[in-house]
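The data block below is target_13.pdb; it holds PDB, C-alpha atoms, pLDDT in the B column.
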ATOM      1  CA  MET A   1    -179.395 -44.769-142.664  1.00 82.00           C
ATOM      2  CA  GLU A   2    -177.550 -48.058-142.909  1.00 93.00           C
ATOM      3  CA  ASP A   3    -177.430 -50.292-139.840  1.00 96.00           C
ATOM      4  CA  GLU A   4    -173.697 -50.894-139.289  1.00 97.00           C
ATOM      5  CA  LEU A   5    -170.285 -50.019-140.668  1.00 98.00           C
ATOM      6  CA  PHE A   6    -167.687 -52.643-139.767  1.00 98.00           C
ATOM      7  CA  ILE A   7    -164.023 -51.592-139.834  1.00 98.00           C
ATOM      8  CA  ASN A   8    -161.312 -54.200-139.401  1.00 98.00           C
ATOM      9  CA  LEU A   9    -158.262 -52.198-138.279  1.00 98.00           C
ATOM     10  CA  TYR A  10    -155.793 -54.750-139.612  1.00 98.00           C
ATOM     11  CA  GLN A  11    -157.373 -54.663-143.071  1.00 97.00           C
ATOM     12  CA  TYR A  12    -157.838 -50.879-143.043  1.00 97.00           C
ATOM     13  CA  ILE A  13    -154.297 -49.959-141.925  1.00 96.00           C
ATOM     14  CA  GLY A  14    -152.521 -53.023-143.314  1.00 95.00           C
ATOM     15  CA  GLU A  15    -150.352 -53.518-140.234  1.00 95.00           C
ATOM     16  CA  ASP A  16    -150.632 -55.363-136.926  1.00 96.00           C
ATOM     17  CA  MET A  17    -148.826 -52.573-135.040  1.00 96.00           C
ATOM     18  CA  LEU A  18    -150.729 -49.287-135.152  1.00 96.00           C
ATOM     19  CA  VAL A  19    -148.398 -46.365-134.516  1.00 94.00           C
ATOM     20  CA  GLY A  20    -148.319 -42.613-135.026  1.00 93.00           C
ATOM     21  CA  ARG A  21    -150.831 -40.100-136.280  1.00 95.00           C
ATOM     22  CA  THR A  22    -150.196 -39.835-140.011  1.00 94.00           C
ATOM     23  CA  SER A  23    -148.447 -41.750-142.741  1.00 89.00           C
ATOM     24  CA  PRO A  24    -145.623 -40.059-144.664  1.00 86.00           C
ATOM     25  CA  ASP A  25    -146.472 -41.985-147.837  1.00 90.00           C
ATOM     26  CA  GLY A  26    -150.212 -41.335-147.749  1.00 86.00           C
ATOM     27  CA  SER A  27    -151.172 -44.883-146.802  1.00 91.00           C
ATOM     28  CA  PRO A  28    -154.000 -45.385-144.281  1.00 95.00           C
ATOM     29  CA  SER A  29    -153.219 -43.911-140.866  1.00 96.00           C
ATOM     30  CA  ALA A  30    -154.854 -42.919-137.599  1.00 97.00           C
ATOM     31  CA  GLU A  31    -155.749 -39.568-139.136  1.00 97.00           C
ATOM     32  CA  SER A  32    -157.341 -41.110-142.230  1.00 97.00           C
ATOM     33  CA  LEU A  33    -159.253 -43.573-140.019  1.00 98.00           C
ATOM     34  CA  ARG A  34    -160.678 -40.703-137.938  1.00 98.00           C
ATOM     35  CA  LYS A  35    -161.711 -38.863-141.105  1.00 97.00           C
ATOM     36  CA  TYR A  36    -163.274 -42.056-142.497  1.00 98.00           C
ATOM     37  CA  ILE A  37    -165.281 -42.500-139.289  1.00 98.00           C
ATOM     38  CA  LEU A  38    -166.461 -38.869-139.416  1.00 98.00           C
ATOM     39  CA  ASP A  39    -167.347 -39.153-143.123  1.00 98.00           C
ATOM     40  CA  ASN A  40    -169.554 -42.140-142.300  1.00 98.00           C
ATOM     41  CA  TRP A  41    -170.930 -40.922-138.955  1.00 98.00           C
ATOM     42  CA  ASP A  42    -174.370 -39.934-140.213  1.00 97.00           C
ATOM     43  CA  LYS A  43    -174.644 -42.801-142.696  1.00 97.00           C
ATOM     44  CA  TYR A  44    -174.670 -45.609-140.100  1.00 97.00           C
ATOM     45  CA  ALA A  45    -176.489 -46.235-136.852  1.00 97.00           C
ATOM     46  CA  LYS A  46    -173.491 -48.112-135.475  1.00 98.00           C
ATOM     47  CA  ILE A  47    -169.772 -48.213-136.278  1.00 98.00           C
ATOM     48  CA  SER A  48    -167.978 -51.354-135.102  1.00 98.00           C
ATOM     49  CA  ILE A  49    -164.198 -51.416-135.057  1.00 98.00           C
ATOM     50  CA  SER A  50    -162.417 -54.757-134.894  1.00 98.00           C
ATOM     51  CA  PHE A  51    -158.981 -55.189-133.325  1.00 97.00           C
ATOM     52  CA  GLU A  52    -158.586 -58.707-134.729  1.00 97.00           C
ATOM     53  CA  LEU A  53    -154.893 -59.506-135.429  1.00 97.00           C
ATOM     54  CA  ILE A  54    -153.721 -56.206-133.878  1.00 97.00           C
ATOM     55  CA  VAL A  55    -150.679 -56.706-131.677  1.00 96.00           C
ATOM     56  CA  LYS A  56    -149.875 -53.184-130.476  1.00 96.00           C
ATOM     57  CA  ILE A  57    -151.409 -49.714-130.592  1.00 96.00           C
ATOM     58  CA  THR A  58    -149.624 -46.559-129.473  1.00 96.00           C
ATOM     59  CA  ARG A  59    -151.232 -43.775-127.452  1.00 95.00           C
ATOM     60  CA  THR A  60    -150.725 -41.358-130.355  1.00 96.00           C
ATOM     61  CA  PHE A  61    -152.716 -43.675-132.634  1.00 97.00           C
ATOM     62  CA  TYR A  62    -155.551 -43.915-130.082  1.00 97.00           C
ATOM     63  CA  ASP A  63    -155.550 -40.154-129.696  1.00 97.00           C
ATOM     64  CA  GLU A  64    -155.571 -39.334-133.393  1.00 97.00           C
ATOM     65  CA  ALA A  65    -157.982 -42.047-134.535  1.00 98.00           C
ATOM     66  CA  PHE A  66    -160.473 -42.107-131.680  1.00 98.00           C
ATOM     67  CA  ALA A  67    -159.992 -39.500-128.945  1.00 97.00           C
ATOM     68  CA  LYS A  68    -159.844 -36.606-131.418  1.00 97.00           C
ATOM     69  CA  LEU A  69    -163.375 -37.557-132.477  1.00 98.00           C
ATOM     70  CA  LEU A  70    -164.385 -35.788-129.260  1.00 97.00           C
ATOM     71  CA  GLU A  71    -163.455 -32.492-130.896  1.00 95.00           C
ATOM     72  CA  ASP A  72    -166.448 -33.027-133.216  1.00 96.00           C
ATOM     73  CA  LYS A  73    -168.713 -35.320-131.192  1.00 97.00           C
ATOM     74  CA  THR A  74    -169.663 -35.542-127.518  1.00 95.00           C
ATOM     75  CA  LEU A  75    -168.599 -38.481-125.390  1.00 94.00           C
ATOM     76  CA  ASP A  76    -172.246 -39.592-125.230  1.00 96.00           C
ATOM     77  CA  GLU A  77    -172.510 -39.475-129.041  1.00 97.00           C
ATOM     78  CA  PHE A  78    -169.279 -41.475-129.318  1.00 97.00           C
ATOM     79  CA  ASN A  79    -170.448 -44.106-126.825  1.00 96.00           C
ATOM     80  CA  ALA A  80    -173.795 -44.452-128.612  1.00 97.00           C
ATOM     81  CA  LYS A  81    -172.229 -44.897-132.070  1.00 98.00           C
ATOM     82  CA  ILE A  82    -168.796 -46.570-131.763  1.00 98.00           C
ATOM     83  CA  TYR A  83    -168.334 -50.189-130.681  1.00 97.00           C
ATOM     84  CA  PHE A  84    -165.170 -52.204-130.108  1.00 97.00           C
ATOM     85  CA  PRO A  85    -166.560 -55.753-129.988  1.00 96.00           C
ATOM     86  CA  ASP A  86    -163.259 -57.626-129.692  1.00 96.00           C
ATOM     87  CA  ALA A  87    -160.944 -55.119-127.992  1.00 95.00           C
ATOM     88  CA  LYS A  88    -158.592 -56.602-125.435  1.00 94.00           C
ATOM     89  CA  GLU A  89    -158.772 -55.191-121.918  1.00 95.00           C
ATOM     90  CA  SER A  90    -155.305 -53.641-122.303  1.00 94.00           C
ATOM     91  CA  PHE A  91    -156.449 -51.837-125.485  1.00 95.00           C
ATOM     92  CA  VAL A  92    -159.521 -50.449-123.727  1.00 94.00           C
ATOM     93  CA  LYS A  93    -157.411 -49.261-120.797  1.00 96.00           C
ATOM     94  CA  GLU A  94    -154.944 -47.442-123.079  1.00 95.00           C
ATOM     95  CA  MET A  95    -157.776 -45.961-125.111  1.00 95.00           C
ATOM     96  CA  ASN A  96    -159.490 -44.655-121.972  1.00 95.00           C
ATOM     97  CA  GLN A  97    -156.254 -42.940-120.935  1.00 96.00           C
ATOM     98  CA  ALA A  98    -156.014 -41.290-124.363  1.00 96.00           C
ATOM     99  CA  PHE A  99    -159.628 -40.113-124.031  1.00 96.00           C
ATOM    100  CA  LYS A 100    -159.032 -38.628-120.578  1.00 96.00           C
ATOM    101  CA  LEU A 101    -156.025 -36.703-121.858  1.00 96.00           C
ATOM    102  CA  ARG A 102    -157.895 -35.470-124.969  1.00 96.00           C
ATOM    103  CA  LEU A 103    -160.847 -34.317-122.810  1.00 96.00           C
ATOM    104  CA  LYS A 104    -158.416 -32.302-120.664  1.00 97.00           C
ATOM    105  CA  ILE A 105    -156.903 -30.752-123.804  1.00 96.00           C
ATOM    106  CA  ILE A 106    -160.369 -29.837-125.108  1.00 96.00           C
ATOM    107  CA  ALA A 107    -161.370 -28.319-121.745  1.00 95.00           C
ATOM    108  CA  ALA A 108    -158.138 -26.294-121.557  1.00 96.00           C
ATOM    109  CA  LYS A 109    -158.660 -25.006-125.103  1.00 93.00           C
ATOM    110  CA  LYS A 110    -162.220 -23.912-124.295  1.00 92.00           C
ATOM    111  CA  GLU A 111    -160.982 -22.200-121.139  1.00 93.00           C
ATOM    112  CA  ARG A 112    -158.282 -20.312-123.078  1.00 93.00           C
ATOM    113  CA  GLU A 113    -160.832 -19.270-125.717  1.00 89.00           C
ATOM    114  CA  ALA A 114    -163.217 -18.034-123.020  1.00 90.00           C
ATOM    115  CA  GLU A 115    -160.432 -16.051-121.352  1.00 89.00           C
ATOM    116  CA  ALA A 116    -159.392 -14.569-124.697  1.00 87.00           C
ATOM    117  CA  GLY A 117    -163.007 -13.603-125.340  1.00 79.00           C
ATOM    118  CA  ASP A 118    -163.227 -11.915-121.937  1.00 69.00           C
ATOM    119  CA  GLY A 119    -160.067  -9.950-122.685  1.00 61.00           C
ATOM    120  CA  LEU A 120    -161.616  -8.588-125.874  1.00 56.00           C
ATOM    121  CA  GLY A 121    -164.659  -7.288-124.076  1.00 51.00           C
ATOM    122  CA  LEU A 122    -166.931  -9.915-125.593  1.00 49.00           C
TER     123      LEU A 122
END
Could you render the structure as structure tokens?
Amino acid sequence: MEDELFINLYQYIGEDMLVGRTSPDGSPSAESLRKYILDNWDKYAKISISFELIVKITRTFYDEAFAKLLEDKTLDEFNAKIYFPDAKESFVKEMNQAFKLRLKIIAAKKEREAEAGDGLGL
């Protein structure tokens, strides 16, 4: 396992304003970033993500790129692996709000699945 994967968001996305979930033209997006992180999850002990030169990030970008990782990984696994060494306080605050919302969505989905399972006699 390699020690660290360093991702500079500005270089990866090619923009200083990170918006939306996907890119209509196939260029790097929040979705492709999340997939890139997952593809490299087991290859690195640590994944550092730099916000250098980033001016704005939308909640949908945070959700797609980072919060949706919680559909595959636990919050503890995320906190042990992912680092944001230069994130501004406002970015962290927005990201935390996206995580709280995604955790509620995940919990509601599990609850619906459990109820559906109960209705089938499982």
query: Exactly which residues make up the result of the PyMOL selection byres ((chain A and resi 57) around 6) on this file, given as a list in words?
result: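 Here the PyMOL selection byres ((chain A and resi 57) around 6) matches Met17, Leu18, Val19, Lys56 and Thr58 of chain A.
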Can those selected residues be exported to a file as a compact mmCIF listing (two decimals), keeping the file's coordinate frame so that it contains C-alpha atoms?
# COMPACT_ATOMS: atom_id res chain seq x y z
CA MET A 17 -148.83 -52.57 -135.04
CA LEU A 18 -150.73 -49.29 -135.15
CA VAL A 19 -148.40 -46.36 -134.52
CA LYS A 56 -149.88 -53.18 -130.48
CA THR A 58 -149.62 -46.56 -129.47
query: So how far away is CA of Lys73 (chain A) from CA of Glu115 (chain A), in Å?
result: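 That distance, rounded to one decimal, is 23.2 Å.
If only C-alpha atoms are the atoms counted, then among A:Leu53, A:Ala80, A:Ala116, A:Lys46 the closest residue to Gly14 (chain A) is A:Leu53.
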- prompt: Given the file above and the PyMOL selection byres ((chain A and resi 33) around 10), which residues are selected, and can you give them as a PyMOL selection string?
  reply: chain A and resi 7+9+12-13+21-22+28-32+34-39+61+64-66
Output the selection as a JSON list (two decimals), keeping the file's coordinate frame - C-alpha atoms for each residue.
[["chain", "number", "residue", "atom", "x", "y", "z"],
["A", 7, "ILE", "CA", -164.02, -51.59, -139.83],
["A", 9, "LEU", "CA", -158.26, -52.20, -138.28],
["A", 12, "TYR", "CA", -157.84, -50.88, -143.04],
["A", 13, "ILE", "CA", -154.30, -49.96, -141.93],
["A", 21, "ARG", "CA", -150.83, -40.10, -136.28],
["A", 22, "THR", "CA", -150.20, -39.84, -140.01],
["A", 28, "PRO", "CA", -154.00, -45.38, -144.28],
["A", 29, "SER", "CA", -153.22, -43.91, -140.87],
["A", 30, "ALA", "CA", -154.85, -42.92, -137.60],
["A", 31, "GLU", "CA", -155.75, -39.57, -139.14],
["A", 32, "SER", "CA", -157.34, -41.11, -142.23],
["A", 34, "ARG", "CA", -160.68, -40.70, -137.94],
["A", 35, "LYS", "CA", -161.71, -38.86, -141.10],
["A", 36, "TYR", "CA", -163.27, -42.06, -142.50],
["A", 37, "ILE", "CA", -165.28, -42.50, -139.29],
["A", 38, "LEU", "CA", -166.46, -38.87, -139.42],
["A", 39, "ASP", "CA", -167.35, -39.15, -143.12],
["A", 61, "PHE", "CA", -152.72, -43.68, -132.63],
["A", 64, "GLU", "CA", -155.57, -39.33, -133.39],
["A", 65, "ALA", "CA", -157.98, -42.05, -134.54],
["A", 66, "PHE", "CA", -160.47, -42.11, -131.68]]
Selection result for the PyMOL selection byres ((chain A and resi 1) around 8) on this file, as a compact mmCIF listing (two decimals) with C-alpha atoms, in the coordinates of the input:
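The result, stored in part_24.txt:
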# COMPACT_ATOMS: atom_id res chain seq x y z
CA GLU A 2 -177.55 -48.06 -142.91
CA ASP A 3 -177.43 -50.29 -139.84
CA ASP A 42 -174.37 -39.93 -140.21
CA LYS A 43 -174.64 -42.80 -142.70
CA TYR A 44 -174.67 -45.61 -140.10
CA ALA A 45 -176.49 -46.24 -136.85
message: Please determine, counting only C-alpha atoms, which residue among A:Asp25, A:Asn96, A:Val55, A:Gly20 has the shortest atom-to-atom distance to Asn79 (chain A).
response: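 Smallest distance to Asn79 (chain A) is found for A:Asn96.
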- prompt: Which one of A:Asp16, A:Ala114, A:Ala107, A:Tyr10 sits closest to Leu70 (chain A) if you count only C-alpha atoms?
  reply: A:Ala107
message: Env of Ala67 (chain A): 7 Å cut, atoms = all atoms listed in the file, seq-sep filter 3 positions within chain, self excluded. Answer as an MDAnalysis selection string.
response: chainID A and resid 62:64 70 98:99 102
field: Residue nearest Glu94 (chain A) - candidates A:Arg59, A:Gly117, A:Phe51, A:Ala108, atoms counted: all atoms listed in the file
entry: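 Smallest separation from Glu94 (chain A) among the options: A:Arg59.
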task: Rank A:Ala87, A:Leu5, A:Val92, A:Lys104 by their smallest atom-to-atom distance to Ile54 (chain A), using all atoms listed in the file, and report the top residue only.
output: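 Looking only at the distances to Ile54 (chain A), the closest residue turns out to be A:Ala87.
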